[in-house]
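Student: Contents of work-v7.cif (mmCIF, N, CA and C atoms):
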data_query
loop_
_atom_site.group_PDB
_atom_site.id
_atom_site.type_symbol
_atom_site.label_atom_id
_atom_site.label_comp_id
_atom_site.auth_asym_id
_atom_site.auth_seq_id
_atom_site.Cartn_x
_atom_site.Cartn_y
_atom_site.Cartn_z
ATOM 1 N N PHE J 16 -13.187 58.367 -31.624
ATOM 2 C CA PHE J 16 -12.526 57.444 -32.529
ATOM 3 C C PHE J 16 -12.383 58.125 -33.884
ATOM 4 N N MET J 17 -11.429 57.631 -34.679
ATOM 5 C CA MET J 17 -11.200 58.224 -35.987
ATOM 6 C C MET J 17 -11.165 57.124 -37.048
ATOM 7 N N ASN J 18 -11.834 57.379 -38.160
ATOM 8 C CA ASN J 18 -11.789 56.480 -39.296
ATOM 9 C C ASN J 18 -10.403 56.627 -39.928
ATOM 10 N N CYS J 19 -9.639 55.534 -39.992
ATOM 11 C CA CYS J 19 -8.255 55.589 -40.484
ATOM 12 C C CYS J 19 -8.157 55.867 -41.981
ATOM 13 N N GLU J 20 -9.231 55.649 -42.720
ATOM 14 C CA GLU J 20 -9.211 55.881 -44.166
ATOM 15 C C GLU J 20 -9.649 57.293 -44.532
ATOM 16 N N THR J 21 -10.707 57.784 -43.868
ATOM 17 C CA THR J 21 -11.247 59.105 -44.224
ATOM 18 C C THR J 21 -10.850 60.186 -43.226
ATOM 19 N N TYR J 22 -10.327 59.773 -42.084
ATOM 20 C CA TYR J 22 -9.955 60.678 -40.985
ATOM 21 C C TYR J 22 -11.161 61.373 -40.363
ATOM 22 N N ASP J 23 -12.361 60.879 -40.627
ATOM 23 C CA ASP J 23 -13.562 61.414 -39.993
ATOM 24 C C ASP J 23 -13.581 60.994 -38.533
ATOM 25 N N GLN J 24 -14.037 61.885 -37.683
ATOM 26 C CA GLN J 24 -14.177 61.584 -36.262
ATOM 27 C C GLN J 24 -15.494 60.855 -36.034
ATOM 28 N N VAL J 25 -15.467 59.801 -35.237
ATOM 29 C CA VAL J 25 -16.653 59.032 -34.887
ATOM 30 C C VAL J 25 -16.801 59.094 -33.376
ATOM 31 N N PHE J 26 -17.922 59.572 -32.908
ATOM 32 C CA PHE J 26 -18.145 59.699 -31.474
ATOM 33 C C PHE J 26 -19.054 58.574 -31.000
ATOM 34 N N LEU J 27 -18.620 57.894 -29.952
ATOM 35 C CA LEU J 27 -19.371 56.773 -29.402
ATOM 36 C C LEU J 27 -19.744 57.068 -27.955
ATOM 37 N N GLN J 28 -20.854 56.518 -27.538
ATOM 38 C CA GLN J 28 -21.283 56.651 -26.148
ATOM 39 C C GLN J 28 -20.469 55.685 -25.278
ATOM 40 N N GLU J 29 -20.361 56.011 -24.009
ATOM 41 C CA GLU J 29 -19.661 55.159 -23.047
ATOM 42 C C GLU J 29 -20.197 53.725 -23.099
ATOM 43 N N ALA J 30 -21.492 53.583 -23.196
ATOM 44 C CA ALA J 30 -22.116 52.249 -23.232
ATOM 45 C C ALA J 30 -21.682 51.454 -24.461
ATOM 46 N N ASP J 31 -21.347 52.141 -25.552
ATOM 47 C CA ASP J 31 -20.946 51.459 -26.783
ATOM 48 C C ASP J 31 -19.595 50.767 -26.649
ATOM 49 N N VAL J 32 -18.742 51.259 -25.757
ATOM 50 C CA VAL J 32 -17.391 50.711 -25.624
ATOM 51 C C VAL J 32 -17.130 50.067 -24.259
ATOM 52 N N GLU J 33 -18.146 50.001 -23.429
ATOM 53 C CA GLU J 33 -17.983 49.505 -22.058
ATOM 54 C C GLU J 33 -17.301 48.138 -21.998
ATOM 55 N N SER J 34 -17.718 47.209 -22.844
ATOM 56 C CA SER J 34 -17.178 45.846 -22.765
ATOM 57 C C SER J 34 -15.744 45.736 -23.278
ATOM 58 N N VAL J 35 -15.298 46.652 -24.130
ATOM 59 C CA VAL J 35 -13.942 46.572 -24.685
ATOM 60 C C VAL J 35 -12.991 47.604 -24.082
ATOM 61 N N LYS J 36 -13.509 48.475 -23.254
ATOM 62 C CA LYS J 36 -12.694 49.554 -22.675
ATOM 63 C C LYS J 36 -11.417 49.058 -21.983
ATOM 64 N N PRO J 37 -11.444 47.934 -21.259
ATOM 65 C CA PRO J 37 -10.216 47.471 -20.600
ATOM 66 C C PRO J 37 -9.096 47.068 -21.560
ATOM 67 N N TYR J 38 -9.413 46.958 -22.848
ATOM 68 C CA TYR J 38 -8.413 46.539 -23.835
ATOM 69 C C TYR J 38 -7.957 47.692 -24.726
ATOM 70 N N LEU J 39 -8.449 48.895 -24.477
ATOM 71 C CA LEU J 39 -8.168 50.015 -25.362
ATOM 72 C C LEU J 39 -7.127 50.971 -24.808
ATOM 73 N N LEU J 40 -6.160 51.272 -25.642
ATOM 74 C CA LEU J 40 -5.182 52.321 -25.393
ATOM 75 C C LEU J 40 -5.279 53.301 -26.558
ATOM 76 N N ALA J 41 -4.680 54.441 -26.422
ATOM 77 C CA ALA J 41 -4.656 55.400 -27.532
ATOM 78 C C ALA J 41 -4.048 54.721 -28.754
ATOM 79 N N ASN J 42 -4.607 54.997 -29.907
ATOM 80 C CA ASN J 42 -4.155 54.479 -31.201
ATOM 81 C C ASN J 42 -4.409 52.993 -31.417
ATOM 82 N N THR J 43 -5.231 52.378 -30.595
ATOM 83 C CA THR J 43 -5.613 50.986 -30.814
ATOM 84 C C THR J 43 -6.642 50.940 -31.935
ATOM 85 N N LYS J 44 -6.401 50.115 -32.923
ATOM 86 C CA LYS J 44 -7.356 49.991 -34.028
ATOM 87 C C LYS J 44 -8.460 49.025 -33.630
ATOM 88 N N VAL J 45 -9.701 49.479 -33.790
ATOM 89 C CA VAL J 45 -10.873 48.663 -33.499
ATOM 90 C C VAL J 45 -11.801 48.696 -34.704
ATOM 91 N N ARG J 46 -12.728 47.766 -34.733
ATOM 92 C CA ARG J 46 -13.747 47.746 -35.791
ATOM 93 C C ARG J 46 -15.048 48.213 -35.144
ATOM 94 N N VAL J 47 -15.649 49.230 -35.736
ATOM 95 C CA VAL J 47 -16.935 49.726 -35.256
ATOM 96 C C VAL J 47 -17.985 49.348 -36.297
ATOM 97 N N GLU J 48 -19.015 48.649 -35.853
ATOM 98 C CA GLU J 48 -20.089 48.240 -36.747
ATOM 99 C C GLU J 48 -21.247 49.220 -36.619
ATOM 100 N N PHE J 49 -21.821 49.571 -37.770
ATOM 101 C CA PHE J 49 -22.921 50.529 -37.801
ATOM 102 C C PHE J 49 -24.159 49.886 -38.395
ATOM 103 N N TYR J 50 -25.305 50.349 -37.930
ATOM 104 C CA TYR J 50 -26.586 49.970 -38.519
ATOM 105 C C TYR J 50 -27.403 51.243 -38.660
ATOM 106 N N GLU J 51 -27.754 51.564 -39.887
ATOM 107 C CA GLU J 51 -28.497 52.778 -40.204
ATOM 108 C C GLU J 51 -27.818 54.017 -39.609
ATOM 109 N N GLY J 52 -26.501 54.045 -39.725
ATOM 110 C CA GLY J 52 -25.729 55.203 -39.287
ATOM 111 C C GLY J 52 -25.402 55.271 -37.814
ATOM 112 N N ALA J 53 -25.911 54.344 -37.027
ATOM 113 C CA ALA J 53 -25.654 54.345 -35.585
ATOM 114 C C ALA J 53 -24.729 53.182 -35.224
ATOM 115 N N PRO J 54 -23.752 53.426 -34.357
ATOM 116 C CA PRO J 54 -22.855 52.333 -33.956
ATOM 117 C C PRO J 54 -23.603 51.284 -33.138
ATOM 118 N N ILE J 55 -23.367 50.019 -33.452
ATOM 119 C CA ILE J 55 -24.037 48.943 -32.718
ATOM 120 C C ILE J 55 -23.044 47.988 -32.064
ATOM 121 N N GLY J 56 -21.765 48.124 -32.382
ATOM 122 C CA GLY J 56 -20.783 47.232 -31.780
ATOM 123 C C GLY J 56 -19.370 47.683 -32.036
ATOM 124 N N VAL J 57 -18.494 47.390 -31.082
ATOM 125 C CA VAL J 57 -17.074 47.702 -31.194
ATOM 126 C C VAL J 57 -16.308 46.414 -30.971
ATOM 127 N N THR J 58 -15.440 46.074 -31.915
ATOM 128 C CA THR J 58 -14.639 44.857 -31.817
ATOM 129 C C THR J 58 -13.166 45.236 -31.714
ATOM 130 N N PRO J 59 -12.502 44.881 -30.608
ATOM 131 C CA PRO J 59 -11.073 45.177 -30.461
ATOM 132 C C PRO J 59 -10.248 44.165 -31.242
ATOM 133 N N PRO J 60 -8.923 44.377 -31.330
ATOM 134 C CA PRO J 60 -8.074 43.357 -31.959
ATOM 135 C C PRO J 60 -8.149 42.045 -31.159
ATOM 136 N N ASP J 61 -7.715 40.948 -31.756
ATOM 137 C CA ASP J 61 -7.761 39.649 -31.071
ATOM 138 C C ASP J 61 -6.908 39.635 -29.809
ATOM 139 N N ASN J 62 -5.757 40.317 -29.864
ATOM 140 C CA ASN J 62 -4.826 40.358 -28.738
ATOM 141 C C ASN J 62 -4.349 41.794 -28.543
ATOM 142 N N VAL J 63 -4.072 42.153 -27.298
ATOM 143 C CA VAL J 63 -3.483 43.461 -27.004
ATOM 144 C C VAL J 63 -2.305 43.273 -26.064
ATOM 145 N N ASP J 64 -1.328 44.157 -26.194
ATOM 146 C CA ASP J 64 -0.163 44.140 -25.314
ATOM 147 C C ASP J 64 -0.311 45.269 -24.310
ATOM 148 N N LEU J 65 -0.330 44.914 -23.024
ATOM 149 C CA LEU J 65 -0.535 45.884 -21.960
ATOM 150 C C LEU J 65 0.543 45.742 -20.901
ATOM 151 N N LYS J 66 0.919 46.864 -20.307
ATOM 152 C CA LYS J 66 1.969 46.887 -19.301
ATOM 153 C C LYS J 66 1.387 46.566 -17.920
ATOM 154 N N VAL J 67 2.127 45.779 -17.147
ATOM 155 C CA VAL J 67 1.734 45.429 -15.778
ATOM 156 C C VAL J 67 2.080 46.612 -14.877
ATOM 157 N N THR J 68 1.073 47.134 -14.166
ATOM 158 C CA THR J 68 1.304 48.265 -13.272
ATOM 159 C C THR J 68 1.332 47.858 -11.806
ATOM 160 N N ASP J 69 0.768 46.691 -11.487
ATOM 161 C CA ASP J 69 0.769 46.249 -10.097
ATOM 162 C C ASP J 69 0.611 44.735 -10.044
ATOM 163 N N THR J 70 1.491 44.093 -9.292
ATOM 164 C CA THR J 70 1.387 42.661 -9.016
ATOM 165 C C THR J 70 2.356 42.333 -7.891
ATOM 166 N N GLU J 71 2.210 41.180 -7.322
ATOM 167 C CA GLU J 71 3.121 40.735 -6.276
ATOM 168 C C GLU J 71 4.490 40.463 -6.887
ATOM 169 N N PRO J 72 5.567 40.644 -6.112
ATOM 170 C CA PRO J 72 6.898 40.329 -6.646
ATOM 171 C C PRO J 72 7.012 38.837 -6.969
ATOM 172 N N PRO J 73 7.839 38.495 -7.961
ATOM 173 C CA PRO J 73 8.019 37.064 -8.262
ATOM 174 C C PRO J 73 8.768 36.388 -7.118
ATOM 175 N N PHE J 74 8.531 35.108 -6.952
ATOM 176 C CA PHE J 74 9.288 34.403 -5.925
ATOM 177 C C PHE J 74 10.324 33.512 -6.575
ATOM 178 N N LYS J 75 11.368 33.208 -5.824
ATOM 179 C CA LYS J 75 12.478 32.422 -6.346
ATOM 180 C C LYS J 75 11.986 31.077 -6.862
ATOM 181 N N GLY J 76 12.431 30.741 -8.062
ATOM 182 C CA GLY J 76 12.061 29.472 -8.667
ATOM 183 C C GLY J 76 10.714 29.510 -9.368
ATOM 184 N N ALA J 77 10.137 30.702 -9.536
ATOM 185 C CA ALA J 77 8.832 30.800 -10.201
ATOM 186 C C ALA J 77 8.952 30.376 -11.660
ATOM 187 N N THR J 78 8.033 29.579 -12.103
ATOM 188 C CA THR J 78 8.004 29.117 -13.495
ATOM 189 C C THR J 78 6.610 29.328 -14.050
ATOM 190 N N ALA J 79 6.441 28.987 -15.303
ATOM 191 C CA ALA J 79 5.120 29.119 -15.927
ATOM 192 C C ALA J 79 4.154 28.075 -15.366
ATOM 193 N N ALA J 80 4.685 26.981 -14.828
ATOM 194 C CA ALA J 80 3.823 25.944 -14.269
ATOM 195 C C ALA J 80 3.231 26.416 -12.944
ATOM 196 N N GLY J 81 2.178 25.806 -12.553
ATOM 197 C CA GLY J 81 1.568 26.169 -11.286
ATOM 198 C C GLY J 81 0.462 27.183 -11.489
ATOM 199 N N GLY J 82 -0.006 27.722 -10.392
ATOM 200 C CA GLY J 82 -1.118 28.661 -10.413
ATOM 201 C C GLY J 82 -0.797 29.948 -11.133
ATOM 202 N N GLY J 83 -0.874 31.004 -10.449
ATOM 203 C CA GLY J 83 -0.630 32.314 -11.002
ATOM 204 C C GLY J 83 -0.935 33.334 -9.934
ATOM 205 N N LYS J 84 -0.887 34.585 -10.321
ATOM 206 C CA LYS J 84 -1.165 35.662 -9.383
ATOM 207 C C LYS J 84 -1.896 36.763 -10.133
ATOM 208 N N PRO J 85 -2.680 37.558 -9.423
ATOM 209 C CA PRO J 85 -3.380 38.646 -10.098
ATOM 210 C C PRO J 85 -2.413 39.775 -10.447
ATOM 211 N N ALA J 86 -2.666 40.408 -11.584
ATOM 212 C CA ALA J 86 -1.874 41.558 -12.006
ATOM 213 C C ALA J 86 -2.827 42.612 -12.556
ATOM 214 N N THR J 87 -2.570 43.859 -12.189
ATOM 215 C CA THR J 87 -3.342 44.969 -12.723
ATOM 216 C C THR J 87 -2.564 45.550 -13.888
ATOM 217 N N LEU J 88 -3.246 45.780 -14.996
ATOM 218 C CA LEU J 88 -2.605 46.294 -16.199
ATOM 219 C C LEU J 88 -2.902 47.780 -16.358
ATOM 220 N N GLU J 89 -2.224 48.422 -17.287
ATOM 221 C CA GLU J 89 -2.288 49.875 -17.435
ATOM 222 C C GLU J 89 -3.681 50.421 -17.718
ATOM 223 N N THR J 90 -4.599 49.607 -18.192
ATOM 224 C CA THR J 90 -5.967 50.063 -18.442
ATOM 225 C C THR J 90 -6.881 49.820 -17.252
ATOM 226 N N GLY J 91 -6.346 49.192 -16.191
ATOM 227 C CA GLY J 91 -7.144 48.866 -15.022
ATOM 228 C C GLY J 91 -7.646 47.437 -15.020
ATOM 229 N N LEU J 92 -7.461 46.733 -16.120
ATOM 230 C CA LEU J 92 -7.867 45.332 -16.229
ATOM 231 C C LEU J 92 -7.021 44.483 -15.279
ATOM 232 N N THR J 93 -7.652 43.548 -14.580
ATOM 233 C CA THR J 93 -6.941 42.614 -13.712
ATOM 234 C C THR J 93 -7.024 41.226 -14.331
ATOM 235 N N VAL J 94 -5.863 40.590 -14.508
ATOM 236 C CA VAL J 94 -5.793 39.249 -15.080
ATOM 237 C C VAL J 94 -4.877 38.391 -14.223
ATOM 238 N N THR J 95 -4.978 37.081 -14.396
ATOM 239 C CA THR J 95 -4.072 36.160 -13.716
ATOM 240 C C THR J 95 -2.882 35.915 -14.629
ATOM 241 N N VAL J 96 -1.682 36.138 -14.077
ATOM 242 C CA VAL J 96 -0.446 35.969 -14.837
ATOM 243 C C VAL J 96 0.439 34.952 -14.118
ATOM 244 N N PRO J 97 1.428 34.381 -14.812
ATOM 245 C CA PRO J 97 2.349 33.460 -14.147
ATOM 246 C C PRO J 97 3.122 34.173 -13.033
ATOM 247 N N ASN J 98 3.606 33.396 -12.095
ATOM 248 C CA ASN J 98 4.293 33.948 -10.922
ATOM 249 C C ASN J 98 5.569 34.718 -11.244
ATOM 250 N N PHE J 99 6.194 34.491 -12.415
ATOM 251 C CA PHE J 99 7.453 35.164 -12.726
ATOM 252 C C PHE J 99 7.268 36.561 -13.317
ATOM 253 N N ILE J 100 6.061 36.966 -13.617
ATOM 254 C CA ILE J 100 5.800 38.287 -14.209
ATOM 255 C C ILE J 100 6.029 39.380 -13.158
ATOM 256 N N GLU J 101 6.676 40.477 -13.598
ATOM 257 C CA GLU J 101 6.982 41.590 -12.703
ATOM 258 C C GLU J 101 6.320 42.877 -13.174
ATOM 259 N N VAL J 102 6.210 43.837 -12.259
ATOM 260 C CA VAL J 102 5.705 45.165 -12.599
ATOM 261 C C VAL J 102 6.610 45.772 -13.669
ATOM 262 N N GLY J 103 6.013 46.411 -14.669
ATOM 263 C CA GLY J 103 6.773 47.033 -15.749
ATOM 264 C C GLY J 103 6.887 46.171 -16.988
ATOM 265 N N GLU J 104 6.627 44.883 -16.860
ATOM 266 C CA GLU J 104 6.682 44.009 -18.031
ATOM 267 C C GLU J 104 5.406 44.167 -18.851
ATOM 268 N N THR J 105 5.496 43.806 -20.121
ATOM 269 C CA THR J 105 4.350 43.870 -21.012
ATOM 270 C C THR J 105 3.874 42.455 -21.297
ATOM 271 N N VAL J 106 2.559 42.271 -21.196
ATOM 272 C CA VAL J 106 1.975 40.953 -21.420
ATOM 273 C C VAL J 106 0.932 41.039 -22.527
ATOM 274 N N ARG J 107 0.749 39.941 -23.230
ATOM 275 C CA ARG J 107 -0.243 39.859 -24.310
ATOM 276 C C ARG J 107 -1.509 39.220 -23.733
ATOM 277 N N ILE J 108 -2.650 39.865 -23.996
ATOM 278 C CA ILE J 108 -3.934 39.421 -23.469
ATOM 279 C C ILE J 108 -4.876 39.123 -24.629
ATOM 280 N N ALA J 109 -5.588 38.014 -24.550
ATOM 281 C CA ALA J 109 -6.613 37.671 -25.545
ATOM 282 C C ALA J 109 -7.872 38.452 -25.194
ATOM 283 N N THR J 110 -8.342 39.288 -26.117
ATOM 284 C CA THR J 110 -9.500 40.120 -25.814
ATOM 285 C C THR J 110 -10.803 39.329 -25.760
ATOM 286 N N ALA J 111 -10.881 38.202 -26.432
ATOM 287 C CA ALA J 111 -12.108 37.399 -26.409
ATOM 288 C C ALA J 111 -12.342 36.771 -25.036
ATOM 289 N N SER J 112 -11.262 36.357 -24.376
ATOM 290 C CA SER J 112 -11.395 35.670 -23.094
ATOM 291 C C SER J 112 -10.875 36.484 -21.914
ATOM 292 N N GLY J 113 -10.041 37.494 -22.189
ATOM 293 C CA GLY J 113 -9.441 38.272 -21.105
ATOM 294 C C GLY J 113 -8.309 37.542 -20.415
ATOM 295 N N GLU J 114 -7.774 36.506 -21.058
ATOM 296 C CA GLU J 114 -6.737 35.692 -20.445
ATOM 297 C C GLU J 114 -5.344 36.081 -20.913
ATOM 298 N N TYR J 115 -4.380 35.875 -20.028
ATOM 299 C CA TYR J 115 -2.955 36.062 -20.326
ATOM 300 C C TYR J 115 -2.540 35.048 -21.384
ATOM 301 N N LEU J 116 -1.777 35.505 -22.384
ATOM 302 C CA LEU J 116 -1.252 34.598 -23.411
ATOM 303 C C LEU J 116 0.251 34.397 -23.268
ATOM 304 N N GLU J 117 0.981 35.518 -23.151
ATOM 305 C CA GLU J 117 2.439 35.428 -23.069
ATOM 306 C C GLU J 117 3.025 36.753 -22.628
ATOM 307 N N ARG J 118 4.282 36.699 -22.230
ATOM 308 C CA ARG J 118 5.041 37.912 -21.925
ATOM 309 C C ARG J 118 5.650 38.384 -23.239
ATOM 310 N N THR J 119 5.650 39.674 -23.456
ATOM 311 C CA THR J 119 6.215 40.227 -24.689
ATOM 312 C C THR J 119 7.469 41.014 -24.370
ATOM 313 N N LYS J 120 8.263 41.273 -25.397
ATOM 314 C CA LYS J 120 9.446 42.099 -25.210
ATOM 315 C C LYS J 120 9.029 43.551 -25.267
ATOM 316 N N ASN J 121 9.593 44.345 -24.388
ATOM 317 C CA ASN J 121 9.215 45.774 -24.322
ATOM 318 C C ASN J 121 9.622 46.511 -25.528
#
Is it possible to express this structure as structure tokens?

Tutor:
Amino acid sequence: FMNCETYDQVFLQEADVESVKPYLLANTKVRVEFYEGAPIGVTPPDNVDLKVTDTEPPFKGATAAGGGKPATLETGLTVTVPNFIEVGETVRIATASGEYLERTKN
């Protein structure tokens, strides 16, 4: 990671970012909290936009109402999305809950 103000490199252990890793892409700004010089927490943005890499094809008449279907996103995260979402589309995900919020424009 890099401090955007000082450009200093900050190295974190895998365990430090394990819980937020599914929401991270290159150049994603996160907040890293330190205690006595050691990182103690990583906070991602409230929402992230991720591309759908795998999901079932939409079916005719699919709307936002009704259940949903699983979709795998570019970071490997799997979320439930509305039936009309297709592979290649970008969706907004709430990082606090891991839930689909909306489809975004590419």

Student: If you apply the PyMOL selection byres ((chain J and resi 34-40) around 7) to this file, what residues do you get, as a PyMOL selection string?

Tutor: chain J and resi 29-33+41-43+57+59+63+90-92+110

Student: Apply DSSP to the structure's backbone, then extract all residues of chain J labelled strand (DSSP E or B) and return them as a tab-separated table (two decimals) with N, CA and C atoms, in the frame of the given file.

Tutor:
chain	number	residue	atom	x	y	z
J	17	MET	N	-11.43	57.63	-34.68
J	17	MET	CA	-11.20	58.22	-35.99
J	17	MET	C	-11.16	57.12	-37.05
J	24	GLN	N	-14.04	61.88	-37.68
J	24	GLN	CA	-14.18	61.58	-36.26
J	24	GLN	C	-15.49	60.86	-36.03
J	46	ARG	N	-12.73	47.77	-34.73
J	46	ARG	CA	-13.75	47.75	-35.79
J	46	ARG	C	-15.05	48.21	-35.14
J	47	VAL	N	-15.65	49.23	-35.74
J	47	VAL	CA	-16.93	49.73	-35.26
J	47	VAL	C	-17.98	49.35	-36.30
J	48	GLU	N	-19.02	48.65	-35.85
J	48	GLU	CA	-20.09	48.24	-36.75
J	48	GLU	C	-21.25	49.22	-36.62
J	49	PHE	N	-21.82	49.57	-37.77
J	49	PHE	CA	-22.92	50.53	-37.80
J	49	PHE	C	-24.16	49.89	-38.40
J	50	TYR	N	-25.30	50.35	-37.93
J	50	TYR	CA	-26.59	49.97	-38.52
J	50	TYR	C	-27.40	51.24	-38.66
J	53	ALA	N	-25.91	54.34	-37.03
J	53	ALA	CA	-25.65	54.34	-35.58
J	53	ALA	C	-24.73	53.18	-35.22
J	54	PRO	N	-23.75	53.43	-34.36
J	54	PRO	CA	-22.86	52.33	-33.96
J	54	PRO	C	-23.60	51.28	-33.14
J	55	ILE	N	-23.37	50.02	-33.45
J	55	ILE	CA	-24.04	48.94	-32.72
J	55	ILE	C	-23.04	47.99	-32.06
J	56	GLY	N	-21.76	48.12	-32.38
J	56	GLY	CA	-20.78	47.23	-31.78
J	56	GLY	C	-19.37	47.68	-32.04
J	57	VAL	N	-18.49	47.39	-31.08
J	57	VAL	CA	-17.07	47.70	-31.19
J	57	VAL	C	-16.31	46.41	-30.97
J	58	THR	N	-15.44	46.07	-31.92
J	58	THR	CA	-14.64	44.86	-31.82
J	58	THR	C	-13.17	45.24	-31.71
J	62	ASN	N	-5.76	40.32	-29.86
J	62	ASN	CA	-4.83	40.36	-28.74
J	62	ASN	C	-4.35	41.79	-28.54
J	63	VAL	N	-4.07	42.15	-27.30
J	63	VAL	CA	-3.48	43.46	-27.00
J	63	VAL	C	-2.31	43.27	-26.06
J	64	ASP	N	-1.33	44.16	-26.19
J	64	ASP	CA	-0.16	44.14	-25.31
J	64	ASP	C	-0.31	45.27	-24.31
J	65	LEU	N	-0.33	44.91	-23.02
J	65	LEU	CA	-0.54	45.88	-21.96
J	65	LEU	C	0.54	45.74	-20.90
J	66	LYS	N	0.92	46.86	-20.31
J	66	LYS	CA	1.97	46.89	-19.30
J	66	LYS	C	1.39	46.57	-17.92
J	67	VAL	N	2.13	45.78	-17.15
J	67	VAL	CA	1.73	45.43	-15.78
J	67	VAL	C	2.08	46.61	-14.88
J	68	THR	N	1.07	47.13	-14.17
J	68	THR	CA	1.30	48.26	-13.27
J	68	THR	C	1.33	47.86	-11.81
J	69	ASP	N	0.77	46.69	-11.49
J	69	ASP	CA	0.77	46.25	-10.10
J	69	ASP	C	0.61	44.74	-10.04
J	70	THR	N	1.49	44.09	-9.29
J	70	THR	CA	1.39	42.66	-9.02
J	70	THR	C	2.36	42.33	-7.89
J	84	LYS	N	-0.89	34.58	-10.32
J	84	LYS	CA	-1.16	35.66	-9.38
J	84	LYS	C	-1.90	36.76	-10.13
J	85	PRO	N	-2.68	37.56	-9.42
J	85	PRO	CA	-3.38	38.65	-10.10
J	85	PRO	C	-2.41	39.78	-10.45
J	86	ALA	N	-2.67	40.41	-11.58
J	86	ALA	CA	-1.87	41.56	-12.01
J	86	ALA	C	-2.83	42.61	-12.56
J	87	THR	N	-2.57	43.86	-12.19
J	87	THR	CA	-3.34	44.97	-12.72
J	87	THR	C	-2.56	45.55	-13.89
J	88	LEU	N	-3.25	45.78	-15.00
J	88	LEU	CA	-2.60	46.29	-16.20
J	88	LEU	C	-2.90	47.78	-16.36
J	93	THR	N	-7.65	43.55	-14.58
J	93	THR	CA	-6.94	42.61	-13.71
J	93	THR	C	-7.02	41.23	-14.33
J	94	VAL	N	-5.86	40.59	-14.51
J	94	VAL	CA	-5.79	39.25	-15.08
J	94	VAL	C	-4.88	38.39	-14.22
J	95	THR	N	-4.98	37.08	-14.40
J	95	THR	CA	-4.07	36.16	-13.72
J	95	THR	C	-2.88	35.92	-14.63
J	96	VAL	N	-1.68	36.14	-14.08
J	96	VAL	CA	-0.45	35.97	-14.84
J	96	VAL	C	0.44	34.95	-14.12
J	105	THR	N	5.50	43.81	-20.12
J	105	THR	CA	4.35	43.87	-21.01
J	105	THR	C	3.87	42.46	-21.30
J	106	VAL	N	2.56	42.27	-21.20
J	106	VAL	CA	1.98	40.95	-21.42
J	106	VAL	C	0.93	41.04	-22.53
J	107	ARG	N	0.75	39.94	-23.23
J	107	ARG	CA	-0.24	39.86	-24.31
J	107	ARG	C	-1.51	39.22	-23.73
J	108	ILE	N	-2.65	39.86	-24.00
J	108	ILE	CA	-3.93	39.42	-23.47
J	108	ILE	C	-4.88	39.12	-24.63
J	109	ALA	N	-5.59	38.01	-24.55
J	109	ALA	CA	-6.61	37.67	-25.54
J	109	ALA	C	-7.87	38.45	-25.19
J	114	GLU	N	-7.77	36.51	-21.06
J	114	GLU	CA	-6.74	35.69	-20.44
J	114	GLU	C	-5.34	36.08	-20.91
J	115	TYR	N	-4.38	35.88	-20.03
J	115	TYR	CA	-2.96	36.06	-20.33
J	115	TYR	C	-2.54	35.05	-21.38
J	116	LEU	N	-1.78	35.51	-22.38
J	116	LEU	CA	-1.25	34.60	-23.41
J	116	LEU	C	0.25	34.40	-23.27
J	117	GLU	N	0.98	35.52	-23.15
J	117	GLU	CA	2.44	35.43	-23.07
J	117	GLU	C	3.02	36.75	-22.63
J	118	ARG	N	4.28	36.70	-22.23
J	118	ARG	CA	5.04	37.91	-21.92
J	118	ARG	C	5.65	38.38	-23.24
J	119	THR	N	5.65	39.67	-23.46
J	119	THR	CA	6.22	40.23	-24.69
J	119	THR	C	7.47	41.01	-24.37

Student: Hey, what's within 9 Å of J:Glu89 if we count only C-alpha atoms and toss same-chain stuff fewer than 6 positions away? As a list in words, please?

Tutor: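 Contacts, with the query itself left out: Pro37, Leu40, Leu65, Lys66, Val67, Thr68 and Asp69 of chain J.
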
Student: Exactly which residues make up the result of the PyMOL selection byres ((chain J and resi 101) around 8) on this file, given as a list of chain:residue names?

Tutor: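 On the file shown, the PyMOL selection byres ((chain J and resi 101) around 8) covers J:Lys66, J:Val67, J:Thr68, J:Asp69, J:Thr70, J:Glu71, J:Pro72, J:Pro73, J:Pro97, J:Asn98, J:Phe99, J:Ile100, J:Val102, J:Gly103, J:Glu104, J:Thr105.
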
Student: Could you give me, as number ranges by chain, each residue of stretch 18-100 of chain J that DSSP assigns to helix (DSSP H, G or I) when run on this structure's backbone?

Tutor: J: 29-32, 36-38

Student: What is the distance between atom CA of J:Thr95 and atom CA of J:Gly82, in Å to one decimal?

Tutor: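 If I compute the distance from atom CA of J:Thr95 to atom CA of J:Gly82, I get 8.7 Å.
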
Student: Quick one: apply the PyMOL selection byres (((chain J and resi 113 and name CA) around 9) and name CA) to the file and drop the selected residues here as a ChimeraX atom specification.

Tutor: /J:38,92-94,108-112,114-115
